[in-house]
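Enquirer: Take this structure, written in structure tokens, and hold onto it; I'll ask about it next.
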Amino acid sequence: MGFHENLKAGIFMGEKSKPGLKELSPIDVYKLLPKINCKECGFENCMAFAAKVVNREVAIEKCPPLLKKEYENAYKQLKELLKPAVKEVVVGVGDTAVKVGGKLVMYRHELTYTNPTAIAVDVTDEMADEVLERVRRVESLRYEHIGQTLKLNMIAVRSTSNDPERFKATVKKVTGATKLPLILCSLNPDVLAAGLMAAPNSRPLLYAATKDNWREMAELALMYKCPLTVSAPNNLKLLKSLVKTLLEYGVEDLVLDPGTFPDEGLADTINNFTMIRRSACKHGDELLGFPILGIPMTVWMNSAGAARELLVWKEAYHAAMLIVRYADLLIMHSLDGWALLPNMMLRLNIYTDPRKPVAVEPGLRVFGSPDGNSPVMLTTNFALTYYTVSSDIESAKLNAYLLVVDTEGIAVDSAVAGRKLTAEKVAEAIKTSGIESKVKHRKLIIPGKAARLSGEIEELSGWQVLVGPRDSSDIPKFLQEKWSPS
Amino acid sequence: MRILPGKDEKETEVLGIRLSPRLFELLAKLQEIELEDFEMEVGDLELWIQPGAPVLAPQKTAVAGVPRVKGKPTQIIETDFVPPIETYPGKVVEVKLGATKAEGGTRGKSIIIGGETTPAFYTFERPTPHPPAIAVDVFDMEVPLAKAVKMHVKDVIGDPAAWAKLAVEKFGADLVTIHLISIDPLQKDATPKEAVKTVEEVAQAVDVPLIIGGCGDPVKDAEVFEAVAETFAGERFLISSVTRDMDIERCANFIKKNGHVALAFTPMDLNLARELNRKLYDYLPKGDIIMDLTTAALGYGLDYAFTNMERARLAALMGDAELAHPMSSGTTNAWAAREAWMKMAPEWEPRELRGPMWEVVTALTLLLAGVDLFMMMHPAAVKTVKDVIRQLTGGGSGGTEKLVEWVSMKI
């Protein structure tokens with residue numbers, strides 16, 4: 001399905017959107033471009049460039065003439081026209097700075113979500129050696145998944161002591177140990193001021209301005225040029241009023257905390273997050289057009305006596321729901337990999353470009369330096385399946401052929417169930433791939449999940465079928481035990 | 001209040017792996033405690049329900065461009081918030097599963113799903129008409145199961161009736177799916193008669209509505225489904241599933257004639273889903289059709305499944321009647337992800353917790369896309385998703401500003 005179909009579906013959705021965003025056509029952008037078809041952007045003409053800009057595939061800054069003085073006005077207008085519904089806020093500085101928000105759309109089928117939900121983990125000013133242990137763990141938790149590194153992004157330093165000196169010392173300790181951006185958390189402006197003194201130029205996110213302390217917090221945000229969180233639990237009228245007030249005050253980079261109510265409060269939480277995002281994206285409410293902070297670690301409140309394992313479990317699924325429902329930032333407490341991995345994976349999924357092809361090219365792939373006796377394996381052209389299988393073959397340094405069958409981008413089990421992977425297709429793929437001239441044997445290893453096709457494949461192709469493992473991580477072991485070309 | 005006696009506490013910290021089989025038990029206990037301690041706090045309710053409130057016109061606030069009024073504000077500048085409520089021309093049809101004696105079947109109760117007039121859990125807009133339901137998988141023969149699942153069902157594998165009883169009584173299943181894997185010509189090739197006997201045993205053992213799962217062979221499935229449909233006429237079983245390459249006319253006819261419900265399965269393509277539904281409309285009323293748009297596991301295509309379902313639901317609400325059916329998800333597919341069952345480096349262990357969390361995250365993601373019926377496997381995952389459904393449909397607690405105290409809590 002093409003992107004334009006997606007775009008139309010978005011409009012068909014009928015929900016009002018911020019003027020100038022989704023209704024934006026390439027013409028709207030084209031009108032403001034230099035229209036000289038200089039090709040400096042790398043595209044054939046200004047219209048082609050405009051189409052890419054509207055699809056958010058290229059930034060307008062890629063048009064060199066536009067950045068000249070004479071087009072200053074047009075550039076400004078284009079910037080305003082292309083402004084996201086949710087403001088992009090930068091936390092931290094340098095290479096490790098994290099951008100949050102910047103959302104262009106409410107639903108991911110409309111356009112790729114920008115800036116994956118940043119995940120922060122907390123430390124407190126009453127932890128001793130644990131502070132550095134936790135920071136180290138945040139930095140070291142990494143997972144490789146189909147060519148992407150999943151990791152955590154920030155440290156939230158909380159003051160549980162309410163003692164400025166103690167907080168300052170902890171912030172100092174943390175900044176000495178990591179370059180990850182910080183969220184400084186205390187409702188006491190004196191405590192936050194002390195923390196900022198220990199990290200003056202690092203642009204941490206401040207938590208939080210409330211109806212009681214907003215003036216002092218605004219002053220701190222202005223003085224240290226920091227983004228500021230606005231907190232008004234379960235009160236969107238107050239939240240909006242505080243935003244308006246702080247903007248008037250001159251604080252422009254804000255993050256919204258409508259409250260993460262766990263358990264019996266989940267309906268409130270999901271409703272508030274959804275109303276904020278819909279107001280911003282579909283009703284053009286600029287006061288709610290800021291990133292949203294979710295705090296799954298509220299599950300640890302009043303939890304004395306509950307088993308730790310259970311609270312970790314709870315925190316994890318609260319986090320998952322918030323990743324799906326519009327959180328741009330999360331603060332979490334647990335550092336248990338079993339609970340964090342599903343959420344890091346979910347974030348990767350939700351923020352994947354929905355325009356990205358689901359499928360890889362079908363055909364024969366060669367791994368290592370196979371000869372006439374090397375095994376021939378089969379998989380589907382669903383991108384995730386293909387990358388998983390190929391990375392398993394590569395990491396085991398196998399010499400093998402992999403026949404990628406066109407299943408229209410569907411994974412093995414679904415493809416077998418949905419008749420996208422059939423014996424006919426396999427026989428056809430064997431014939432057209434030229435594999436018969438490359439190997440002496442006639443043995444095909446098929447995925448365990450396609451076992452039911454083995455008889456038919458043998459009949460139609462004349463090849464002998466070996467049913468391989470259900471998961472490609474077992475391929476090396478399978479070949480060692482079962483493979484012989486004769 | 002302590003859940004665990006002190007001596008176990010240390011084990012929890014150190015040996016998650018040893019305690020994890022008890023996770024389900026712990027979850028059950030925790031819920032009781034929460035209910036005891038639960039206090040209703042009413043605050044800011046006026047924010048919530050304003051029926052008939054006019055939809056807010058796009059507001060332009062003077063943020064950029066307009067020069068700021070000189071001087072910093074000294075008090076909060078009050079502004080209004082109107083919930084962004086919309087109306088939709090479409091409505092998802094309601095489908096009833098299971099039939100009681102009074103309704104012509106033998107089930108203890110029937111379950112209605114669907115009927116939505118708003119996206120999933122936009123309860124600020126309109127309440128959820130029927131809570132989504134959970135079916136637990138039961139297999140009629142041994143199948144490969146993840147260790148984390150197997151340890152909860154090992155005593156009942158091979159005994160579908162006992163498995164069904166466990167699913168309903170211990171796991172809290174709203175429905176039971178009996179997967180007739182053994183009918184597969186490439187497996188045991190069990191006869192329709194044998195399949196009917198298995199269903200009979202399950203129907204005797206539990207009185208919840210049943211879902212009848214096939215083996216994936218379009219010809220054999222139709223043959224078995226027909227025998228089951230006729231034997232259990234009037235029960236409103238969900239026939240899982242009717243696919244494009246089956247004899248649609250035959251399937252639809254025996255489903256209609258015997259008073260059951262069709263699960264229309266398509267491989268992640270809304271055009272194919274519409275096409276299959278159109279074919280079924282020739283024989284079946286809309287209230288007899290549920291859609292399965294294919295569930296992919298977290299990390300392995302969940303994004304496609306999520307967006308496909310979200311789009312289907314939004315299209316239904318905007319008036320696309322061919323997609324206005326309740327959605328079912330084979331959430332058990334979450335276990336197809338290797339990270340759900342594989343032994344991994346110590347920092348990601350124990351898998352006994354990672355696995356069911358994989359199923360939970362897959363389910364909750366799709367819950368928020370609009371799924372009405374989940375087919376699940378792990379008891380802790382079932383329990384958690386049930387809790388969340390109850391909490392999301394419960395209207396919220398009207399929580400207050402005290403929440404902000406999380407910032408200084410000691411853990």
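Just remember, in the structure tokens the first chain shown is A, the second B, etc., residues are 1-based per chain, and ligands are 1-based in the order shown.
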List as a PyMOL selection string the protein and nucleic acid residues near segment 338-341 of chain B, meaning an atom at most 7 Å away when only C-alpha atoms are counted, but skip any in the same chain fewer than 3 places from it.
Expert: chain B and resi 146+335+351+354-355+358
Enquirer: Contacts of segment 266-268 of chain A at 9 Å or less, counting only C-alpha atoms, minus same-chain residues fewer than 4 places along, as a count of residues only?
Expert: 22
Enquirer: Can you list, as number ranges by chain, every protein, DNA or RNA residue that comes within 10 Å of segment 405-411 of chain B when you count only C-alpha atoms, leaving out same-chain residues fewer than 3 positions away?
Expert: A: 122, 124-127, 157-162, 184-187, 207-208, 295, 297-304, 333; B: 401-402
Enquirer: With C-alpha atoms retained, write the just-selected residues as a PDB file, in the first residue's frame.
Expert:
ATOM      1  CA  ASP A 122      15.430   6.888  38.102  1.00  0.00           C
ATOM      2  CA  THR A 124      17.572   9.132  44.064  1.00  0.00           C
ATOM      3  CA  ASP A 125      19.658  11.396  46.257  1.00  0.00           C
ATOM      4  CA  GLU A 126      19.350   8.906  49.100  1.00  0.00           C
ATOM      5  CA  MET A 127      20.845   5.997  47.220  1.00  0.00           C
ATOM      6  CA  VAL A 157      17.450  12.057  39.385  1.00  0.00           C
ATOM      7  CA  ARG A 158      14.814  12.306  42.123  1.00  0.00           C
ATOM      8  CA  SER A 159      15.177  14.099  45.430  1.00  0.00           C
ATOM      9  CA  THR A 160      13.684  11.941  48.134  1.00  0.00           C
ATOM     10  CA  SER A 161      15.633  13.823  50.826  1.00  0.00           C
ATOM     11  CA  ASN A 162      14.373  17.301  49.899  1.00  0.00           C
ATOM     12  CA  LEU A 184      15.886  16.604  37.577  1.00  0.00           C
ATOM     13  CA  CYS A 185      12.914  15.772  39.754  1.00  0.00           C
ATOM     14  CA  SER A 186      11.708  17.704  42.772  1.00  0.00           C
ATOM     15  CA  LEU A 187       8.760  19.977  43.480  1.00  0.00           C
ATOM     16  CA  TYR A 207      10.272  18.228  36.803  1.00  0.00           C
ATOM     17  CA  ALA A 208       8.002  19.949  37.593  1.00  0.00           C
ATOM     18  CA  ILE A 295       5.480   7.893  34.564  1.00  0.00           C
ATOM     19  CA  MET A 297       6.877   4.123  38.045  1.00  0.00           C
ATOM     20  CA  THR A 298       3.820   5.518  39.846  1.00  0.00           C
ATOM     21  CA  VAL A 299       2.913   1.822  40.272  1.00  0.00           C
ATOM     22  CA  TRP A 300       5.523   1.784  43.046  1.00  0.00           C
ATOM     23  CA  MET A 301       3.527   4.302  45.138  1.00  0.00           C
ATOM     24  CA  ASN A 302       1.928   2.865  48.267  1.00  0.00           C
ATOM     25  CA  SER A 303       3.314  -0.502  47.322  1.00  0.00           C
ATOM     26  CA  ALA A 304       4.929  -1.444  50.625  1.00  0.00           C
ATOM     27  CA  HIS A 333      12.181   2.474  38.067  1.00  0.00           C
TER      28      HIS A 333
ATOM     29  CA  GLU B 401      -2.994  15.845  42.529  1.00  0.00           C
ATOM     30  CA  LYS B 402      -1.540  13.679  45.301  1.00  0.00           C
TER      31      LYS B 402
END
Enquirer: Could you state the separation of atom CA of Leu466 of chain A and atom CA of Pro485 of chain A in Å, given to one decimal place?
Expert: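 Between atom CA of Leu466 of chain A and atom CA of Pro485 of chain A the gap works out to 11.3 Å.
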Enquirer: Figure out the distance between atom CA of Pro131 of chain B and atom CA of Ala296 of chain B, please, to one decimal in Å.
Expert: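 Value for the atom CA of Ala296 of chain B-atom CA of Pro131 of chain B distance: 22.7 Å.
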Enquirer: Taking 4 positions as the minimum chain separation for residues in the same chain, which residues sit within 9 Å of Tyr300 of chain B when counting only C-alpha atoms? Answer as a JSON list (two decimals) with C-alpha atoms, in the first residue's frame.
Expert:
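Below is the file out.json, written as the result:
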[["chain", "number", "residue", "atom", "x", "y", "z"],
["A", 349, "ASN", "CA", 7.70, -1.43, 16.32],
["A", 384, "LEU", "CA", 11.71, -9.58, 9.63],
["A", 385, "THR", "CA", 11.79, -13.28, 8.88],
["A", 411, "ALA", "CA", 5.86, -14.59, 7.82],
["B", 296, "ALA", "CA", 2.02, -10.86, 14.43],
["B", 334, "ALA", "CA", 3.26, -13.61, 20.52],
["B", 336, "ALA", "CA", 6.40, -17.06, 17.89],
["B", 337, "ALA", "CA", 8.90, -14.34, 18.82]]
Enquirer: Taking 5 positions as the minimum chain separation for residues in the same chain, which residues sit within 10 Å of Gln77 of chain A when counting only C-alpha atoms? Answer as a list in words.
Expert: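 With the cut-off at 10 Å, the set is Val29, Leu32, Tyr71, Glu72, Leu82 and Lys83 of chain A.
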Enquirer: The selected residues should be written to file as a PDB file, in the first residue's frame (atoms: C-alpha atoms).
Expert:
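Final output, saved to result18.pdb:
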ATOM      1  CA  VAL A  29       5.147  23.821  -0.675  1.00  0.00           C
ATOM      2  CA  LEU A  32       7.025  28.955  -1.732  1.00  0.00           C
ATOM      3  CA  TYR A  71      14.149  33.732   0.271  1.00  0.00           C
ATOM      4  CA  GLU A  72      14.176  34.377   4.007  1.00  0.00           C
ATOM      5  CA  LEU A  82       5.564  22.324   8.127  1.00  0.00           C
ATOM      6  CA  LYS A  83       5.570  22.842  11.889  1.00  0.00           C
TER       7      LYS A  83
END
Enquirer: With only C-alpha atoms as the atoms that count, which of A:Leu239, A:Ala451, A:Val404, A:Val100 lies nearest to Glu78 of chain B?
Expert: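 Selected residue with least distance to Glu78 of chain B: A:Leu239.
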Enquirer: Env of Gly104 of chain B: 10 Å cut, atoms = only C-alpha atoms, seq-sep filter 4 positions within chain, self excluded. Answer as a PyMOL selection string.
Expert: chain B and resi 98-100+233-236+259
Enquirer: In Å, with one decimal, what is the gap from atom CA of Leu206 of chain A to atom CA of Cys281 of chain A?
Expert: 25.0 Å
Enquirer: DSSP on the backbone: which residues in segment 131-347 of chain B end up as helix (DSSP H, G or I)? Give the answer as a PyMOL selection string.
Expert: chain B and resi 147-153+160-169+181-183+192-205+218-231+248-257+270-281+286-288+302-317+321-323+331-336+338-341+346-347
Enquirer: With only C-alpha atoms as the counted atoms, please give the residues lying no more than 6 Å from segment 201-205 of chain A, apart from itself and same-chain residues fewer than 5 positions off, as a list in words.
Expert: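 Listed by chain and then number, they are Val91, Gly92, Val93, Leu182, Ile183, Cys226, Pro227 and Leu228 of chain A.
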Enquirer: Using backbone DSSP assignments, extract all strand (DSSP E) residues from segment 269-351 of chain B; output them as a list in words.
Expert: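 After running DSSP on the backbone, segment 269-351 of chain B has strand (DSSP E) at Ile289, Ile290, Met291, Asp292, Met327, Ser328 and Ser329 of chain B.
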Enquirer: So, with only C-alpha atoms as the atoms that count, which of A:Met332, A:Leu293, A:Leu141, A:Leu256 lies closest to chain B?
Expert: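 That would be A:Leu141, the residue with the smallest distance to chain B.
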Enquirer: Counting only C-alpha atoms, which of A:Arg365, A:His441, A:Lys76, A:Lys103 gets nearest to chain B?
Expert: A:Lys76
